[in-house]
Amino acid sequence: MKMKKLYIILLLTVFVGCEDVIEPALENNRSVNDEGIEPRFAHGLLVNGYARIPMDSWSFNDMATDDAVANTENNVYFGVADGQWAANNNPLEEWQNSLTALQYLNLMLERLDGIEFSALEPVDVMFQDRIRGEAHALRALFVYHLLRSHGGRATDGALLGGPIFLESTNPTTSDFNIPRATFEECMQQIYSDTEAALALLPNDYENISDDSEVPDKYLEIGGSFDHYNRVFGEDARLLITGRITRAIRAQAALLAASPAFNDPTNTTTWADAANYAAEVIDLNGGITGLDPNGLVWYTNANGQIASAGSGLSSPEILWRGSLGGPSSNLEETHYPPTLFGDGLLNPTQNLVDAFPMSNGYPITHPASGYDPANPYAGRDPRLSEFIIYNGSTAGPNGSVILTTVDGGTNDGLNQAETSTRTGYYMKKLLRQDVNANPNSINAQLHVQPRIRYTEIYLAYAEAANEAFGPEGTGPNQYSAYDVVKAIRMRAGIPDNDPYLESIRNDKFAMRELIRNERRLELCFEGFRFWDLRRWNEDLTEAARGIQIESGFYQVIEVDNRNFDSYMKYGPVPDSEMLKFSELKQNAGW
C-alpha cells in the first residue's frame, strides 16, 4: 500500500532526560555510534520499546467509569471522574511514553543493517529479520496507543491522530513545530508497519525438529533447523510474534471503525475490523478455540500459572509479560479489610445490574425471574466469580464477607477508610489463595496479560454484527451470534439461551448484548473507559451502590461522573501546545 507522506513530531521535553533518547545516558559512557559494533548494546534500543508497553490490564481506570469507584479521593481516577481531567493533568497520557518508545525503535531500525549478530550468515540474517519485524510491530502498537489516548477532532473538525516517527530525530537539525498527522495517516502507518512485521515474523516462537520446516529463504543461504531454533525457537517466547501483530492490527481497526471515529477521511470499516480479528481467531482454532477456563485465567486454574515457565501461557492468554516473583500486592490493594486489604476498587451497582440471570435474560426482562429482595440469587455465574457481594466467600479460608451497614465488620458499607463505598469489592484478578495477613503473608504468582483471546473474540462479534448482521459471516466461518453464544455458554448460561435466540435477527439488540458481554467479560481490565468513548456513549451516568440494613436493600448514589461531551477524546498535553504553534488541540480542551 502506497503511504502518504507522514508528518513527524518530536517534542524534546516529552522525554525524561532527552539525552537518553538521542544518545544513551552519559553514565553509560557509550555513544549511539557504538551500536554498529556491539549487537547487545544496539538490541537495548528494542528492549526499551518493550519496557514501555502500557499495561492496561492492571491500570484500573474502570474507577473513572460507571463500573467502579475508588474508595479514596487520593486515587488519580477519582480525580478524572470528578472533573479534574485536563490537558495539564492527564494520568491517561501516552504522548511522552509513546514518543520515547518510537524514537528508540527508529534508532534500532536505522542502525540494524550495520550490526552483525552472528558470524554465521543464516543466523545473522534471521536475527536481522526478527528484530526488524519486532520493531515494526512495536511501532504499530505505540501509534495505536497514541491514537486511543490522543486522537480526536480539532476545533476545525479535522479528525487528527498523534505524532508519528518514521525516522529518529536530532535536537539541532529536526523541525519540531509541525502539524499532527491525520487519523487516517496514523491508521495507514499501523497497517504498513504490521504488514512489514508479518512478512518477517513467525506466528509463534517454537522449536522445529527438521530442516524441512525451515523457510526457503533461510535454507537457500545454508540455514538449518538448529539455526532457526536459535533465533525463532522457544527461547524467544513472550517477544512479539505474527499472531500478536495481527491482534494489534485488530485492536486498532476496531477503534477506527467505532462511532467516535466515523468520518469520511477514515477508510477503516467494520468489515476490516471483523476480518482482522477473524485472522487471529482462525489461528486459535475458530469458535472451538475459546478457552473453557478463560473466565478464571487469573486463578491458576488447572495449574496453568504455576506451569507458565519458559514463556508458556494458558490458552486464554494471547500475549503476556513476564511473571515476576510471587506477590501479594494486588490482593493487599483490593481485598476487603477483614482479609487485610485496602479495598481500593469498588464495583458499582450499575455493573452488578448488567449481569443477567442464569437463564440469560437481563434482570429487567419480564421472563428473568429476578427478585429485588434476593438480588444475587439465580444470577449469571460470572457475578460471583468477578464481584464480592454481601454473603460472598473470599480469601484463602473462604471467609464470609458482610457488606451490610449492620454486619459488625469493617467490610460493611462506609465503615472505615478502607471499606467499600458501593457495597461491593472486586474479586476478579485476585488470587484467593493469597494470605495478606502481615503476620503470615502467603504470596502467589500472577499472570498479567497484554492481550487476551476473549478480547479478540468480542472485537470480532462487535464488528461482524455491524458489518454483516448478527448471523452474517462475511468471508469468515462464523457470525457474531456464534461468538456470543460460545462466550455465554462458557459463562454457564444454558445452551438454549432463550434471550439470545429471541434477538438473533435483531442487529440493534445484538449490538447492546455484545457491548454488555464485553462489559462483563473484560471488567476491571482497563477497557470500559475507552469503550464508552469510542461508542459515543454517555460518560456521566452516576455511579451507584447498595445499602443493606436490617435485611432491606436500597440503591444509593455514590459518585457523579463529571465529564463534558468533548472528553470522548483525550487532550494533547498542554505543555506541548504552549511550545509549538502548529499543533492543534482536540476541541474543548
# chains A, B, ... in the order shown; residues from 1 in each chain; ligands from 1
$ select_by_dssp --residues "range 322-474 of chain A" --states "strand (DSSP E or B)" --output "list in words"
Ser327, Leu345, Asn346, Pro347, Met357, Arg379, Ile387, Ile388, Thr393, Ala394, Ser399, Val400, Tyr425, Met426, Asn435, Asn442, Gln444, Pro449, Arg450, Ile451 and Arg452 of chain A
$ residues_around --residues "range 311-327 of chain A" --least-positions-apart "2" --cutoff "9 Å" --atoms "only C-alpha atoms" --output "VMD selection string"
chain A and resid 55 234 to 240 243 to 244 247 284 289 to 295 297 301 304 to 305 307 to 309 329 to 331 434 442 to 454
$ closest_residue --among "A:Thr393, A:Asn437, A:Thr418, A:Gln103" --to "Glu167 in chain A" --atoms "only C-alpha atoms"
A:Gln103
$ select_by_dssp --residues "range 410-457 of chain A" --states "helix (DSSP H, G or I)" --output "ChimeraX atom specification"
/A:453-457
$ atom_distance --atom1 "CA of Gly472 in chain A" --atom2 "CA of Asn275 in chain A"
12.5 Å
$ residues_around --residues "range 358-365 of chain A" --least-positions-apart "2" --cutoff "7 Å" --atoms "only C-alpha atoms" --output "PDB file with N, CA and C atoms, in the first residue's frame"
ATOM      1  N   PRO A 356     -26.726 -10.670  33.770  1.00  0.00           N
ATOM      2  CA  PRO A 356     -28.072 -11.214  33.601  1.00  0.00           C
ATOM      3  C   PRO A 356     -28.367 -12.284  34.649  1.00  0.00           C
ATOM      4  N   ALA A 367     -39.242 -12.095  31.815  1.00  0.00           N
ATOM      5  CA  ALA A 367     -39.037 -13.540  31.956  1.00  0.00           C
ATOM      6  C   ALA A 367     -37.803 -13.893  32.785  1.00  0.00           C
ATOM      7  N   SER A 368     -37.151 -12.905  33.356  1.00  0.00           N
ATOM      8  CA  SER A 368     -35.876 -13.168  34.021  1.00  0.00           C
ATOM      9  C   SER A 368     -36.016 -13.909  35.342  1.00  0.00           C
ATOM     10  N   TYR A 370     -35.980 -12.291  38.192  1.00  0.00           N
ATOM     11  CA  TYR A 370     -35.189 -11.513  39.146  1.00  0.00           C
ATOM     12  C   TYR A 370     -36.037 -11.088  40.339  1.00  0.00           C
ATOM     13  N   GLY A 378     -29.740 -16.786  41.680  1.00  0.00           N
ATOM     14  CA  GLY A 378     -30.053 -17.169  40.306  1.00  0.00           C
ATOM     15  C   GLY A 378     -29.396 -16.302  39.254  1.00  0.00           C
ATOM     16  N   ARG A 379     -28.275 -15.687  39.601  1.00  0.00           N
ATOM     17  CA  ARG A 379     -27.631 -14.772  38.659  1.00  0.00           C
ATOM     18  C   ARG A 379     -26.599 -15.503  37.791  1.00  0.00           C
ATOM     19  N   ASP A 380     -26.206 -14.857  36.718  1.00  0.00           N
ATOM     20  CA  ASP A 380     -25.113 -15.309  35.866  1.00  0.00           C
ATOM     21  C   ASP A 380     -23.924 -15.675  36.763  1.00  0.00           C
ATOM     22  N   PRO A 381     -23.338 -16.873  36.600  1.00  0.00           N
ATOM     23  CA  PRO A 381     -22.225 -17.285  37.472  1.00  0.00           C
ATOM     24  C   PRO A 381     -21.040 -16.329  37.463  1.00  0.00           C
ATOM     25  N   ILE A 493     -24.423 -19.982  31.012  1.00  0.00           N
ATOM     26  CA  ILE A 493     -25.786 -19.771  30.526  1.00  0.00           C
ATOM     27  C   ILE A 493     -26.163 -20.972  29.652  1.00  0.00           C
ATOM     28  N   PRO A 494     -27.365 -21.547  29.813  1.00  0.00           N
ATOM     29  CA  PRO A 494     -27.721 -22.785  29.113  1.00  0.00           C
ATOM     30  C   PRO A 494     -27.624 -22.665  27.597  1.00  0.00           C
ATOM     31  N   ASP A 497     -30.397 -20.803  25.654  1.00  0.00           N
ATOM     32  CA  ASP A 497     -30.250 -19.348  25.784  1.00  0.00           C
ATOM     33  C   ASP A 497     -31.418 -18.608  25.143  1.00  0.00           C
ATOM     34  N   TYR A 499     -32.973 -15.849  25.605  1.00  0.00           N
ATOM     35  CA  TYR A 499     -32.861 -14.427  25.275  1.00  0.00           C
ATOM     36  C   TYR A 499     -32.031 -14.214  24.017  1.00  0.00           C
TER      37      TYR A 499
END
$ decode --residues "range 531-559 of chain A" --atoms "C-alpha atoms" --output "CSV table (one decimal), in the first residue's frame"
chain,number,residue,atom,x,y,z
A,531,ASP,CA,-15.1,1.6,25.1
A,532,LEU,CA,-17.6,4.3,26.3
A,533,ARG,CA,-15.7,6.9,24.4
A,534,ARG,CA,-15.3,5.1,21.1
A,535,TRP,CA,-19.0,4.2,21.2
A,536,ASN,CA,-20.1,7.8,21.9
A,537,GLU,CA,-21.9,6.6,25.0
A,538,ASP,CA,-23.0,8.7,28.0
A,539,LEU,CA,-20.0,9.3,30.2
A,540,THR,CA,-21.9,10.9,33.0
A,541,GLU,CA,-24.0,8.1,34.4
A,542,ALA,CA,-23.8,8.4,38.2
A,543,ALA,CA,-22.0,5.5,40.0
A,544,ARG,CA,-24.5,3.7,42.3
A,545,GLY,CA,-24.1,1.3,45.2
A,546,ILE,CA,-26.3,-0.8,47.5
A,547,GLN,CA,-27.0,-0.1,51.2
A,548,ILE,CA,-28.2,-3.2,53.1
A,549,GLU,CA,-29.5,-2.7,56.6
A,550,SER,CA,-31.9,-4.9,58.6
A,551,GLY,CA,-32.4,-7.1,55.5
A,552,PHE,CA,-33.5,-4.3,53.3
A,553,TYR,CA,-31.8,-3.3,50.0
A,554,GLN,CA,-31.6,0.3,49.0
A,555,VAL,CA,-29.8,1.6,45.9
A,556,ILE,CA,-27.8,4.7,46.7
A,557,GLU,CA,-25.9,7.2,44.6
A,558,VAL,CA,-22.2,7.2,45.3
A,559,ASP,CA,-20.5,9.4,42.8
